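S.K.: If it helps, the file is called target18.txt and holds compact mmCIF, C-alpha atoms:
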```txt
# COMPACT_ATOMS: atom_id res chain seq x y z
CA GLU A 1 -18.83 -7.30 -3.29
CA ALA A 2 -18.33 -4.11 -1.32
CA GLY A 3 -14.75 -2.94 -1.02
CA VAL A 4 -12.79 -1.74 1.98
CA THR A 5 -14.46 1.36 3.35
CA GLN A 6 -12.73 4.07 5.33
CA PHE A 7 -14.26 6.96 7.21
CA PRO A 8 -13.82 9.88 7.20
CA SER A 9 -12.21 10.57 3.84
CA HIS A 10 -10.67 13.77 5.20
CA SER A 11 -10.07 15.08 8.69
CA VAL A 12 -8.57 18.38 9.74
CA ILE A 13 -7.80 18.76 13.44
CA GLU A 14 -5.65 20.93 15.63
CA LYS A 15 -2.54 19.74 17.37
CA GLY A 16 -3.45 18.14 20.68
CA GLN A 17 -6.90 16.99 19.61
CA THR A 18 -8.06 13.42 19.19
CA VAL A 19 -9.10 11.77 15.95
CA THR A 20 -10.54 8.31 15.33
CA LEU A 21 -10.33 6.69 11.93
CA ARG A 22 -12.56 3.81 11.00
CA CYS A 23 -12.07 0.93 8.58
CA ASP A 24 -14.65 -1.59 7.43
CA PRO A 25 -12.88 -4.48 5.68
CA ILE A 26 -14.40 -6.71 3.05
CA SER A 27 -16.80 -9.13 4.71
CA GLY A 28 -15.08 -12.37 5.58
CA HIS A 29 -11.56 -10.94 5.49
CA ASP A 30 -9.91 -11.94 8.74
CA ASN A 31 -6.69 -10.07 7.97
CA LEU A 32 -6.82 -6.31 8.39
CA TYR A 33 -3.88 -3.93 8.01
CA TRP A 34 -3.25 -0.26 8.67
CA TYR A 35 -0.67 1.66 6.65
CA ARG A 36 0.11 5.34 6.31
CA ARG A 37 1.87 7.61 3.85
CA VAL A 38 3.37 10.67 5.44
CA MET A 39 4.52 13.74 3.47
CA GLY A 40 4.52 11.90 0.15
CA LYS A 41 7.05 9.36 1.33
CA GLU A 42 6.85 5.57 1.41
CA ILE A 43 3.72 3.80 2.50
CA LYS A 44 4.61 2.46 5.93
CA PHE A 45 3.12 -0.53 7.72
CA LEU A 46 1.49 0.23 11.05
CA LEU A 47 -0.13 -2.99 12.24
CA HIS A 48 -1.89 -6.20 11.31
CA PHE A 49 -4.96 -7.81 12.84
CA VAL A 50 -6.06 -11.39 12.43
CA LYS A 51 -9.67 -11.27 13.44
CA GLU A 52 -9.65 -9.32 16.71
CA SER A 53 -6.04 -10.11 17.64
CA LYS A 54 -3.05 -7.91 16.92
CA GLN A 55 -0.69 -10.10 14.93
CA ASP A 56 2.01 -7.50 14.40
CA GLU A 57 2.05 -3.94 15.68
CA SER A 58 5.72 -3.28 15.08
CA GLY A 59 4.98 -0.31 12.84
CA MET A 60 3.00 1.72 15.36
CA PRO A 61 5.05 4.90 15.83
CA ASN A 62 4.35 5.55 19.50
CA ASN A 63 1.78 5.19 22.26
CA ARG A 64 -0.32 8.06 20.93
CA PHE A 65 -1.69 5.57 18.41
CA LEU A 66 -4.23 2.97 19.48
CA ALA A 67 -5.82 0.45 17.14
CA GLU A 68 -8.71 -1.81 17.98
CA ARG A 69 -10.78 -4.41 16.21
CA THR A 70 -13.42 -5.48 18.65
CA GLY A 71 -15.43 -8.45 17.40
CA GLY A 72 -13.08 -8.97 14.51
CA THR A 73 -15.07 -6.86 12.06
CA TYR A 74 -14.38 -3.15 11.66
CA SER A 75 -11.29 -1.49 13.08
CA THR A 76 -10.56 1.92 14.53
CA LEU A 77 -7.30 3.81 14.75
CA LYS A 78 -7.20 6.55 17.35
CA VAL A 79 -4.56 9.24 17.53
CA GLN A 80 -4.45 11.00 20.89
CA PRO A 81 -3.12 13.64 21.16
CA ALA A 82 -2.40 14.39 17.51
CA GLU A 83 0.89 16.00 16.52
CA LEU A 84 1.82 17.86 13.33
CA GLU A 85 3.95 14.96 12.08
CA ASP A 86 0.91 12.67 12.14
CA SER A 87 -0.44 14.37 9.02
CA GLY A 88 -0.68 12.04 6.06
CA VAL A 89 -2.91 9.50 4.40
CA TYR A 90 -3.94 6.48 6.45
CA PHE A 91 -4.82 3.38 4.47
CA CYS A 92 -6.63 0.30 5.62
CA ALA A 93 -6.38 -2.97 3.74
CA SER A 94 -7.81 -6.44 4.12
CA ARG A 95 -7.39 -9.90 2.64
CA VAL A 96 -8.71 -13.38 3.09
CA VAL A 97 -5.59 -15.48 3.35
CA ASP A 98 -1.84 -15.00 3.35
CA ASN A 99 -0.94 -14.88 -0.33
CA SER A 100 -4.08 -13.26 -1.65
CA PRO A 101 -3.77 -9.63 -2.79
CA LEU A 102 -4.44 -6.83 -0.35
CA HIS A 103 -7.57 -4.81 -1.01
CA PHE A 104 -7.10 -1.19 0.00
CA GLY A 105 -9.58 1.43 1.05
CA ASN A 106 -9.46 4.94 -0.40
CA GLY A 107 -7.64 6.20 2.67
CA THR A 108 -8.25 8.94 5.21
CA ARG A 109 -6.32 12.15 4.67
CA LEU A 110 -5.44 13.51 8.08
CA THR A 111 -4.23 17.08 8.44
CA VAL A 112 -3.02 18.27 11.83
CA THR A 113 -2.65 22.04 12.09
CA ALA B 1 15.04 -6.24 7.00
CA GLN B 2 13.30 -5.78 3.69
CA SER B 3 13.36 -2.71 1.48
CA VAL B 4 12.18 -1.46 -1.90
CA ALA B 5 13.64 1.24 -4.09
CA GLN B 6 11.86 3.04 -6.89
CA PRO B 7 14.62 5.25 -8.30
CA GLU B 8 12.39 7.51 -10.38
CA ASP B 9 9.99 9.96 -8.77
CA GLN B 10 8.31 10.54 -12.12
CA VAL B 11 8.24 8.94 -15.53
CA ASN B 12 6.97 10.83 -18.56
CA VAL B 13 6.01 8.94 -21.69
CA ALA B 14 4.08 9.70 -24.85
CA GLU B 15 0.86 7.80 -25.47
CA GLY B 16 1.50 4.67 -27.49
CA ASN B 17 5.12 4.38 -26.37
CA PRO B 18 6.42 1.64 -24.06
CA LEU B 19 6.26 2.35 -20.35
CA THR B 20 8.72 1.05 -17.76
CA VAL B 21 8.64 1.74 -14.04
CA LYS B 22 11.69 0.52 -12.18
CA CYS B 23 11.82 -1.34 -8.87
CA THR B 24 14.59 -3.07 -6.97
CA TYR B 25 14.22 -4.89 -3.68
CA SER B 26 16.07 -6.45 -0.80
CA VAL B 27 14.82 -9.29 1.39
CA SER B 28 16.43 -12.03 3.45
CA GLY B 29 14.29 -14.88 2.19
CA ASN B 30 12.27 -15.51 -0.93
CA PRO B 31 10.69 -12.33 -2.27
CA TYR B 32 6.98 -11.98 -2.82
CA LEU B 33 6.66 -8.95 -5.10
CA PHE B 34 3.70 -6.76 -5.91
CA TRP B 35 2.72 -3.74 -7.97
CA TYR B 36 -0.11 -1.44 -6.98
CA VAL B 37 -1.52 1.63 -8.73
CA GLN B 38 -3.19 4.62 -7.14
CA TYR B 39 -5.46 6.92 -9.08
CA PRO B 40 -6.29 10.37 -7.66
CA ASN B 41 -8.41 10.26 -4.50
CA ARG B 42 -8.58 6.49 -4.65
CA GLY B 43 -7.01 3.62 -2.74
CA LEU B 44 -4.29 1.37 -4.04
CA GLN B 45 -5.39 -1.15 -6.64
CA PHE B 46 -3.59 -4.43 -7.11
CA LEU B 47 -1.96 -4.86 -10.54
CA LEU B 48 0.07 -8.04 -10.33
CA LYS B 49 2.25 -10.21 -8.13
CA TYR B 50 5.16 -12.60 -8.28
CA ILE B 51 5.30 -15.43 -5.76
CA THR B 52 6.92 -18.26 -7.67
CA GLY B 53 7.01 -19.72 -11.17
CA ASP B 54 7.50 -17.84 -14.44
CA ASN B 55 9.64 -14.76 -14.14
CA LEU B 56 7.31 -12.80 -16.44
CA VAL B 57 4.07 -12.00 -14.70
CA LYS B 58 1.05 -10.57 -16.49
CA GLY B 59 -1.48 -8.43 -14.67
CA SER B 60 -4.38 -6.06 -15.03
CA TYR B 61 -4.79 -3.37 -17.71
CA GLY B 62 -2.10 -4.84 -19.97
CA PHE B 63 0.71 -4.47 -17.46
CA GLU B 64 3.42 -7.03 -16.90
CA ALA B 65 6.51 -7.29 -14.73
CA GLU B 66 9.67 -9.32 -14.92
CA PHE B 67 11.28 -10.83 -11.87
CA ASN B 68 15.06 -10.80 -12.13
CA LYS B 69 16.66 -12.56 -9.20
CA SER B 70 20.27 -11.74 -10.08
CA GLN B 71 19.52 -8.04 -10.36
CA THR B 72 16.94 -8.11 -7.53
CA SER B 73 14.57 -6.19 -9.75
CA PHE B 74 10.89 -6.32 -10.58
CA HIS B 75 10.30 -3.65 -13.23
CA LEU B 76 6.76 -2.90 -14.35
CA LYS B 77 6.15 -2.64 -18.09
CA LYS B 78 3.45 -1.88 -20.58
CA PRO B 79 4.11 -2.13 -24.34
CA SER B 80 1.84 0.79 -25.29
CA ALA B 81 0.91 3.39 -22.68
CA LEU B 82 -2.47 5.09 -22.50
CA VAL B 83 -3.28 8.54 -21.12
CA SER B 84 -5.49 6.75 -18.58
CA ASP B 85 -2.39 4.99 -17.20
CA SER B 86 -1.32 8.27 -15.64
CA ALA B 87 -1.24 7.52 -11.92
CA LEU B 88 1.02 6.74 -8.96
CA TYR B 89 2.63 3.31 -9.00
CA PHE B 90 3.96 1.48 -5.97
CA CYS B 91 6.20 -1.55 -5.85
CA ALA B 92 6.06 -3.68 -2.70
CA VAL B 93 7.89 -6.68 -1.30
CA ARG B 94 7.21 -9.21 1.38
CA ASP B 95 9.64 -11.72 2.79
CA GLY B 96 8.03 -15.06 2.03
CA ALA B 97 9.92 -16.71 4.87
CA ALA B 98 8.87 -14.38 7.62
CA GLY B 99 6.11 -11.96 8.47
CA ASN B 100 3.03 -10.75 6.74
CA LYS B 101 3.65 -7.10 6.14
CA LEU B 102 4.38 -5.43 2.83
CA THR B 103 7.20 -2.94 2.46
CA PHE B 104 6.50 -0.32 -0.18
CA GLY B 105 8.70 1.81 -2.34
CA GLY B 106 8.29 5.55 -2.43
CA GLY B 107 6.10 5.47 -5.51
CA THR B 108 6.63 6.62 -9.09
CA ARG B 109 4.30 9.08 -10.73
CA VAL B 110 3.60 8.19 -14.35
CA LEU B 111 2.45 10.89 -16.73
CA VAL B 112 1.33 9.76 -20.16
CA LYS B 113 0.98 12.64 -22.59
CA PRO B 114 -1.34 12.52 -25.61
```
For this file, produce the structure as structure tokens.
M.R.:
Amino acid sequence: EAGVTQFPSHSVIEKGQTVTLRCDPISGHDNLYWYRRVMGKEIKFLLHFVKESKQDESGMPNNRFLAERTGGTYSTLKVQPAELEDSGVYFCASRVVDNSPLHFGNGTRLTVT
Amino acid sequence: AQSVAQPEDQVNVAEGNPLTVKCTYSVSGNPYLFWYVQYPNRGLQFLLKYITGDNLVKGSYGFEAEFNKSQTSFHLKKPSALVSDSALYFCAVRDGAAGNKLTFGGGTRVLVKP
């Protein structure tokens, strides 16, 4: 089975620009999560989708971040406008049901200069 | 609120020696505990989990972890480390009574020397 796929693997943008990250979960996984690791610190939860609905978006840092999952398949995370402190690695993860392990993608390394 | 602490930024161990990576947690309800490993330029890979049952949990690649409720710990162990075990290890907790999100520790880098 194909794993969680994230695109791009790396992105370098200037402060003030817009970047869109994409995540394709494992087929059939209704639960999709976004996490990020900033400056080598803890991996922080951003939000959780169940199918196309946002179940929990308590970790979204501010309104410059917008996540969507139209149709309940792939998800996008848009940062607009990007700030220096947004640099880090953004991970997407998916799972079938509540207690099953999370399957993570390889992450997108975002660098804002 | 839930939290995880991994007190060591890095653990160095000689190949063939026992490996321990420490983790302590705090949750309001019953803890669901997890260990993940990250190899360079890769995503996090699931190693093992504790939900309920036996306190000693066995996982992938010969790793195991022991749930200790009184000490609120979930240390990761491997009896004989391999050079290929060198990676970044993350402990994570979820409150079984509420919510779906994992809270991760800061990660511990393991370096196994030949």
S.K.: Please identify all polymer residues lying at most 10 Å from the point (3.3, 4.5, 15.7) (file coordinates), using all atoms listed in the file, and present the result as a list in words.
M.R.: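 Residues with an atom close enough to that point: Arg36, Phe45, Leu46, Leu47, Glu57, Ser58, Gly59, Met60, Pro61, Asn62, Asn63, Arg64, Phe65, Leu66, Val79 and Asp86 of chain A.
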S.K.: Tell me, as an NGL selection string, which residues lie within 8 Å of Ser11 of chain A, counting only C-alpha atoms; anything in the same chain fewer than 3 positions away does not count.
M.R.: :A and (8 or 108-111)
S.K.: As a count of residues only, could you give me every residue of chain A near chain B (at most 12 Å apart, counting all atoms listed in the file)?
M.R.: 51
S.K.: Fewer than 6 positions away in the same chain doesn't count, so skip those; otherwise give me all residues within 8 Å of Thr73 of chain A, counting only C-alpha atoms, as number ranges by chain.
M.R.: A: 24-25, 27, 30, 51-52
S.K.: May I have the selected residues written with C-alpha atoms, as a short mmCIF file (atom, residue, chain, number, x, y, z; two decimals), in the frame of the given file?
M.R.:
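Final output, result-v3.cif:
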```cif
data_model
loop_
_atom_site.label_atom_id
_atom_site.label_comp_id
_atom_site.auth_asym_id
_atom_site.auth_seq_id
_atom_site.Cartn_x
_atom_site.Cartn_y
_atom_site.Cartn_z
CA ASP A 24 -14.65 -1.59 7.43
CA PRO A 25 -12.88 -4.48 5.68
CA SER A 27 -16.80 -9.13 4.71
CA ASP A 30 -9.91 -11.94 8.74
CA LYS A 51 -9.67 -11.27 13.44
CA GLU A 52 -9.65 -9.32 16.71
#
```
S.K.: Of the candidates A:Val12, A:Leu21, A:Ile26, A:Ala2, which shows the shortest atom-to-atom distance to Ser87 of chain A, using all atoms listed in the file?
M.R.: A:Val12
S.K.: For the atom pair atom CA of Thr76 of chain A and atom CA of Leu88 of chain B, what is the interatomic distance in Å to one decimal place?
M.R.: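 Atom CA of Thr76 of chain A sits 26.6 Å away from atom CA of Leu88 of chain B.
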